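Engineer: Pasting a structure below so you can have a look.
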Amino acid sequence: MISLDAAYYDGRSSARRAVRIEFCESGIINIRGAGLELRLNLAQVRVSPRLGNTPRYLYLPDGARCEMADNDVVDTVINHLSGGTSNRFLHFLESHYPTAIAALVITVGIVYAAIDYGIPELSRRVASSMPQHIETSLGREGLRTLDRGMFSPSNLDEGTRHRVRRLFDSLKQAGPAAVEAQLEFRSGERLGANAFALPAGYVVITDDLIELAQTDGELLAVMAHEIGHVHNRHIVRQILQNSLTALLVAGLFGDLTSIAGLSATLPTFLVQQKYSRQFEQEADEYAAEVLRARNVPVTHLVNILKRLAMEQAGTRGKILDYLSSHPATGKRIETLLEEPSGKASRS
C-alpha cells in the first residue's frame, strides 16, 4: 500500500480539507479525513497528467477532487498500478526541451499536411457524393439569406435579361460536361459589380457587372468562370473544408470561444485563403478552355478582370495578395494569356 497527504475539495465550495489517500495493491483507494471516509476503485477516478512540478489532481466521480503535491509518489502509484507509460512519456518530453520542440515541429507538420492535403481531398470526395437535395437546400437557403441582407430585385429591363440569359444557357453545354446551372439577376449596391456561384448551380450576377461589361464576350467570360466553379463543385468543397478545418483546430486548441481559441483561428484563415486562390485559378482555366473552344478570345476575360480590379480598388483599397481570396489580377491575367502550349495568346 502507498499513501500520501492531500487536500480535498468537494466541488461545491472552496473549502479545503486535509485528507490521507491510501492506494492499495488491489486497486482500492481509501480517502480519510475529518468527517470523511471514501472507498473507491482505481477505475472510478482520474489522475491529471504531470506538468513539471505543479500539483496533481485526483478527480472523483462525484465532482470532488484531491490536490496532491508529491508528484514522485503519484508517479510511483500510477506506474505501479496502471503502467503509467503515457505519463512517463509526457514527463520525459517536459524534461527534455529539444525533444519537446522536435515533437512540436512534427505535430505542426502533421496538422499542416492534414489541412493542406488531407482535408481538401476528403472534401472533394464528400462533395462528389453529396445527395443532390442537400446541395439544393444549401443553395436555396444561401440565396434567401443574401436576398435578406445584401440584394434587392434587379432593375434590368426584360430585353437585357433575355440576352444575358441566352448567353448563359449557351455555356451550360460548352464545357467538358453538361452543367446544371441557374442564372439569378440581382441589384447589389453594397457589392457593386460582382458575380458568384452558390451550391446547386445558382449563379448570381449583379446589374452593375452587366453594365460594366462592354461586350457580350466579356459577359460570356465572366459567366463561364462562375460555371467553372459549379462544374468543379468549388462552393460545397469550400464549405466542407472550412468546417473540417475549424473542427480540427477546435480539437487541437479547445473551445474556439475562448481568448486562446480566437488566436487559434488564424491558421485556418491563412490556409483557407489558399483554397480560394486555387479554386479561382481552376475556374479561370475552365473559362479559358470554354472560350477557346467557342473561338472567343480569352482577352475578353482579361479585359473584364482589369476593369473589375480598377473598380474594386476604388472601394476596398489595396489588399496583400497572400491574404486576398483571389490571386492578384496580374497573375491571373498572365496565366490566362498562356496557351496550353505555353505561348502567349494574342487573339
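By convention in this document, the chains of the C-alpha cells carry letters A, B, ... by their order, each chain's residues are numbered from 1, and ligands are numbered from 1 in the order they are shown.
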Show which residues sit within 7 Å of Gly228 in chain A, as a list in words. Count only C-alpha atoms, and ignore same-chain residues fewer than 2 positions away.
Structural biologist: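 The contact residues come out as Ala224, His225, Glu226, Val230, His231, Asn232, Ala283, Tyr286 and Ala287 of chain A.
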Engineer: Which residues are near range 126-140 of chain A? Cut-off 8 Å, only C-alpha atoms, ignore same chain within fewer than 6 positions. Put them as a list in words.
Structural biologist: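 The residues satisfying every condition are Leu198, Pro199, Ala200, Gly201, Tyr202, Arg233, Val236, Arg237 and Leu240 of chain A.
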Engineer: Please produce a file of the residues just selected, as a short mmCIF file (atom, residue, chain, number, x, y, z; two decimals), in the first residue's frame, where the atoms kept are C-alpha atoms.
Structural biologist:
```
data_model
loop_
_atom_site.label_atom_id
_atom_site.label_comp_id
_atom_site.auth_asym_id
_atom_site.auth_seq_id
_atom_site.Cartn_x
_atom_site.Cartn_y
_atom_site.Cartn_z
CA LEU A 198 -23.78 29.15 -54.87
CA PRO A 199 -24.38 25.44 -54.20
CA ALA A 200 -26.71 23.58 -56.58
CA GLY A 201 -25.63 25.68 -59.55
CA TYR A 202 -27.13 29.05 -58.63
CA ARG A 233 -18.15 21.87 -57.08
CA VAL A 236 -19.57 22.81 -51.49
CA ARG A 237 -15.92 21.85 -51.22
CA LEU A 240 -16.65 21.37 -46.20
#
```
Engineer: In terms of the shortest atom-to-atom distance over only C-alpha atoms, which of A:His229, A:Arg332, A:Arg17, A:Arg190 is closest to Asn303 in chain A?
Structural biologist: A:Arg332
Engineer: Find the residues around range 3-10 of chain A up to 9 Å (only C-alpha atoms counted), leave out those fewer than 6 positions away in its own chain, and share them as a PyMOL selection string.
Structural biologist: chain A and resi 16-24+33+62-70+73-74
Engineer: Would you mind exporting the chosen residues as a compact mmCIF listing (two decimals), in the first residue's frame, restricted to N, CA and C atoms?
Structural biologist:
```txt
# COMPACT_ATOMS: atom_id res chain seq x y z
N ARG A 16 -11.25 23.75 2.00
CA ARG A 16 -10.15 22.80 1.87
C ARG A 16 -10.13 21.89 3.09
N ARG A 17 -9.96 20.58 2.87
CA ARG A 17 -9.95 19.63 3.98
C ARG A 17 -8.74 18.70 3.82
N ALA A 18 -7.94 18.59 4.86
CA ALA A 18 -6.77 17.72 4.82
C ALA A 18 -7.22 16.26 4.88
N VAL A 19 -6.67 15.44 3.98
CA VAL A 19 -7.02 14.02 3.95
C VAL A 19 -5.75 13.19 3.73
N ARG A 20 -5.92 11.89 3.98
CA ARG A 20 -4.86 10.91 3.71
C ARG A 20 -5.40 9.94 2.66
N ILE A 21 -4.63 9.79 1.56
CA ILE A 21 -5.06 8.87 0.49
C ILE A 21 -4.21 7.62 0.54
N GLU A 22 -4.88 6.45 0.52
CA GLU A 22 -4.19 5.16 0.53
C GLU A 22 -4.49 4.43 -0.77
N PHE A 23 -3.45 4.07 -1.50
CA PHE A 23 -3.57 3.30 -2.73
C PHE A 23 -3.20 1.85 -2.42
N CYS A 24 -4.17 0.96 -2.54
CA CYS A 24 -3.95 -0.44 -2.21
C CYS A 24 -3.57 -1.24 -3.46
N GLY A 33 -10.35 11.60 6.16
CA GLY A 33 -10.10 12.91 6.75
C GLY A 33 -11.15 13.19 7.80
N ASP A 62 -17.92 12.06 -8.09
CA ASP A 62 -18.99 12.97 -7.70
C ASP A 62 -18.65 14.44 -7.94
N GLY A 63 -17.51 14.70 -8.63
CA GLY A 63 -17.11 16.07 -8.91
C GLY A 63 -16.10 16.63 -7.94
N ALA A 64 -15.84 15.91 -6.87
CA ALA A 64 -14.83 16.35 -5.91
C ALA A 64 -13.44 16.04 -6.47
N ARG A 65 -12.42 16.61 -5.82
CA ARG A 65 -11.05 16.35 -6.26
C ARG A 65 -10.10 16.46 -5.08
N CYS A 66 -8.98 15.78 -5.22
CA CYS A 66 -7.93 15.85 -4.21
C CYS A 66 -6.66 16.42 -4.85
N GLU A 67 -6.09 17.42 -4.21
CA GLU A 67 -4.86 18.03 -4.71
C GLU A 67 -3.67 17.36 -4.04
N MET A 68 -2.75 16.83 -4.84
CA MET A 68 -1.61 16.07 -4.33
C MET A 68 -0.32 16.77 -4.74
N ALA A 69 0.51 17.12 -3.77
CA ALA A 69 1.73 17.88 -4.05
C ALA A 69 2.93 17.00 -4.36
N ASP A 70 2.92 15.75 -3.91
CA ASP A 70 4.08 14.87 -4.07
C ASP A 70 3.99 14.13 -5.41
N VAL A 73 5.53 10.45 -5.65
CA VAL A 73 4.71 9.38 -5.10
C VAL A 73 3.56 9.06 -6.05
N VAL A 74 2.94 10.11 -6.61
CA VAL A 74 1.84 9.88 -7.55
C VAL A 74 2.32 9.09 -8.76
```
Engineer: For Arg166 in chain A, which of A:Leu220, A:Leu337, A:Ala178, A:Leu305 is the closest residue, counting only C-alpha atoms?
Structural biologist: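 Of A:Leu220, A:Leu337, A:Ala178, A:Leu305, the one nearest Arg166 in chain A, counting only C-alpha atoms, is A:Leu220.
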Engineer: What is the CA of Val105 in chain A to CA of Tyr57 in chain A distance in Å?
Structural biologist: 29.4 Å
Engineer: So which residues of range 45-236 of chain A fall under strand (DSSP E) by DSSP, listed as a ChimeraX atom specification?
Structural biologist: /A:46-47,56-59,65-68,152-153,182-187,195-198,202-206
Engineer: Kindly save the residues from that selection, with C-alpha atoms included, as an mmCIF file, in the first residue's frame.
Structural biologist:
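As written to disk, selection-v5.cif reads:
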```cif
data_model
loop_
_atom_site.group_PDB
_atom_site.id
_atom_site.type_symbol
_atom_site.label_atom_id
_atom_site.label_comp_id
_atom_site.auth_asym_id
_atom_site.auth_seq_id
_atom_site.Cartn_x
_atom_site.Cartn_y
_atom_site.Cartn_z
ATOM 1 C CA ARG A 46 -8.787 10.084 -12.939
ATOM 2 C CA VAL A 47 -5.331 11.473 -12.212
ATOM 3 C CA ARG A 56 -1.595 16.830 -9.416
ATOM 4 C CA TYR A 57 -5.302 16.218 -9.018
ATOM 5 C CA LEU A 58 -7.233 13.064 -8.276
ATOM 6 C CA TYR A 59 -10.698 13.602 -9.790
ATOM 7 C CA ARG A 65 -11.047 16.346 -6.261
ATOM 8 C CA CYS A 66 -7.926 15.847 -4.207
ATOM 9 C CA GLU A 67 -4.859 18.032 -4.707
ATOM 10 C CA MET A 68 -1.609 16.070 -4.328
ATOM 11 C CA SER A 152 -32.593 43.857 -53.913
ATOM 12 C CA PRO A 153 -34.530 42.902 -57.063
ATOM 13 C CA GLN A 182 -29.437 28.648 -62.994
ATOM 14 C CA LEU A 183 -28.803 32.364 -63.538
ATOM 15 C CA GLU A 184 -30.143 34.861 -60.986
ATOM 16 C CA PHE A 185 -30.214 38.630 -61.549
ATOM 17 C CA ARG A 186 -29.861 40.905 -58.535
ATOM 18 C CA SER A 187 -29.130 44.515 -57.689
ATOM 19 C CA ALA A 195 -20.860 37.613 -59.869
ATOM 20 C CA PHE A 196 -20.568 34.432 -57.842
ATOM 21 C CA ALA A 197 -21.804 30.870 -57.620
ATOM 22 C CA LEU A 198 -23.782 29.146 -54.869
ATOM 23 C CA TYR A 202 -27.131 29.054 -58.635
ATOM 24 C CA VAL A 203 -25.097 31.785 -60.356
ATOM 25 C CA VAL A 204 -25.810 35.361 -59.232
ATOM 26 C CA ILE A 205 -24.840 38.327 -61.393
ATOM 27 C CA THR A 206 -25.397 41.940 -60.384
#
```
Engineer: Range 162-220 of chain A: which residues are alpha helix (DSSP H) by DSSP, as an MDAnalysis selection string?
Structural biologist: chainID A and resid 162:171 207:212 216:220
Engineer: Using N, CA and C atoms, can you write the selected residues to a file as a PDB file, in the first residue's frame?
Structural biologist:
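File selection10.pdb, as written:
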```pdb
ATOM      1  N   HIS A 162     -33.126  38.786 -71.093  1.00  0.00           N
ATOM      2  CA  HIS A 162     -33.255  37.710 -72.082  1.00  0.00           C
ATOM      3  C   HIS A 162     -31.938  37.502 -72.814  1.00  0.00           C
ATOM      4  N   ARG A 163     -31.264  38.592 -73.185  1.00  0.00           N
ATOM      5  CA  ARG A 163     -29.989  38.480 -73.897  1.00  0.00           C
ATOM      6  C   ARG A 163     -28.925  37.806 -73.033  1.00  0.00           C
ATOM      7  N   VAL A 164     -28.816  38.232 -71.789  1.00  0.00           N
ATOM      8  CA  VAL A 164     -27.796  37.664 -70.908  1.00  0.00           C
ATOM      9  C   VAL A 164     -28.110  36.202 -70.583  1.00  0.00           C
ATOM     10  N   ARG A 165     -29.389  35.905 -70.365  1.00  0.00           N
ATOM     11  CA  ARG A 165     -29.759  34.524 -70.055  1.00  0.00           C
ATOM     12  C   ARG A 165     -29.473  33.598 -71.235  1.00  0.00           C
ATOM     13  N   ARG A 166     -29.679  34.113 -72.449  1.00  0.00           N
ATOM     14  CA  ARG A 166     -29.400  33.301 -73.638  1.00  0.00           C
ATOM     15  C   ARG A 166     -27.899  32.989 -73.718  1.00  0.00           C
ATOM     16  N   LEU A 167     -27.061  33.973 -73.434  1.00  0.00           N
ATOM     17  CA  LEU A 167     -25.616  33.737 -73.407  1.00  0.00           C
ATOM     18  C   LEU A 167     -25.255  32.706 -72.334  1.00  0.00           C
ATOM     19  N   PHE A 168     -25.873  32.834 -71.174  1.00  0.00           N
ATOM     20  CA  PHE A 168     -25.596  31.916 -70.065  1.00  0.00           C
ATOM     21  C   PHE A 168     -25.985  30.487 -70.432  1.00  0.00           C
ATOM     22  N   ASP A 169     -27.171  30.309 -71.006  1.00  0.00           N
ATOM     23  CA  ASP A 169     -27.643  28.970 -71.363  1.00  0.00           C
ATOM     24  C   ASP A 169     -26.742  28.319 -72.398  1.00  0.00           C
ATOM     25  N   SER A 170     -26.138  29.126 -73.255  1.00  0.00           N
ATOM     26  CA  SER A 170     -25.255  28.557 -74.280  1.00  0.00           C
ATOM     27  C   SER A 170     -23.975  27.989 -73.673  1.00  0.00           C
ATOM     28  N   LEU A 171     -23.630  28.429 -72.461  1.00  0.00           N
ATOM     29  CA  LEU A 171     -22.403  27.965 -71.816  1.00  0.00           C
ATOM     30  C   LEU A 171     -22.592  26.655 -71.062  1.00  0.00           C
ATOM     31  N   ASP A 207     -26.519  43.771 -61.451  1.00  0.00           N
ATOM     32  CA  ASP A 207     -26.774  44.742 -62.524  1.00  0.00           C
ATOM     33  C   ASP A 207     -25.503  45.528 -62.848  1.00  0.00           C
ATOM     34  N   ASP A 208     -24.740  45.883 -61.827  1.00  0.00           N
ATOM     35  CA  ASP A 208     -23.532  46.687 -62.039  1.00  0.00           C
ATOM     36  C   ASP A 208     -22.525  45.964 -62.924  1.00  0.00           C
ATOM     37  N   LEU A 209     -22.416  44.644 -62.764  1.00  0.00           N
ATOM     38  CA  LEU A 209     -21.464  43.904 -63.581  1.00  0.00           C
ATOM     39  C   LEU A 209     -21.911  43.870 -65.040  1.00  0.00           C
ATOM     40  N   ILE A 210     -23.197  43.704 -65.260  1.00  0.00           N
ATOM     41  CA  ILE A 210     -23.699  43.686 -66.636  1.00  0.00           C
ATOM     42  C   ILE A 210     -23.469  45.048 -67.290  1.00  0.00           C
ATOM     43  N   GLU A 211     -23.616  46.111 -66.524  1.00  0.00           N
ATOM     44  CA  GLU A 211     -23.358  47.450 -67.053  1.00  0.00           C
ATOM     45  C   GLU A 211     -21.870  47.679 -67.279  1.00  0.00           C
ATOM     46  N   LEU A 212     -21.027  47.046 -66.431  1.00  0.00           N
ATOM     47  CA  LEU A 212     -19.575  47.210 -66.560  1.00  0.00           C
ATOM     48  C   LEU A 212     -19.044  46.522 -67.817  1.00  0.00           C
ATOM     49  N   ASP A 216     -20.574  41.352 -75.285  1.00  0.00           N
ATOM     50  CA  ASP A 216     -21.131  40.054 -74.897  1.00  0.00           C
ATOM     51  C   ASP A 216     -20.023  39.059 -74.588  1.00  0.00           C
ATOM     52  N   GLY A 217     -18.884  39.218 -75.239  1.00  0.00           N
ATOM     53  CA  GLY A 217     -17.757  38.326 -74.964  1.00  0.00           C
ATOM     54  C   GLY A 217     -17.296  38.427 -73.529  1.00  0.00           C
ATOM     55  N   GLU A 218     -17.318  39.643 -72.969  1.00  0.00           N
ATOM     56  CA  GLU A 218     -16.922  39.810 -71.574  1.00  0.00           C
ATOM     57  C   GLU A 218     -17.942  39.183 -70.633  1.00  0.00           C
ATOM     58  N   LEU A 219     -19.222  39.292 -70.972  1.00  0.00           N
ATOM     59  CA  LEU A 219     -20.241  38.621 -70.164  1.00  0.00           C
ATOM     60  C   LEU A 219     -20.084  37.110 -70.239  1.00  0.00           C
ATOM     61  N   LEU A 220     -19.838  36.605 -71.449  1.00  0.00           N
ATOM     62  CA  LEU A 220     -19.599  35.163 -71.599  1.00  0.00           C
ATOM     63  C   LEU A 220     -18.430  34.721 -70.723  1.00  0.00           C
TER      64      LEU A 220
END
```
Engineer: What does the distance between CA of Asn194 in chain A and CA of Arg294 in chain A come to in Å, to one decimal place?
Structural biologist: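 Pair CA of Asn194 in chain A / CA of Arg294 in chain A returns 23.9 Å.
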Engineer: Using only C-alpha atoms, pick whichever of A:Gly149, A:Pro120, A:Gly142, A:Gly52 has the shortest atom-to-atom distance to Asn242 in chain A.
Structural biologist: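 Result for the nearest residue to Asn242 in chain A: A:Pro120.
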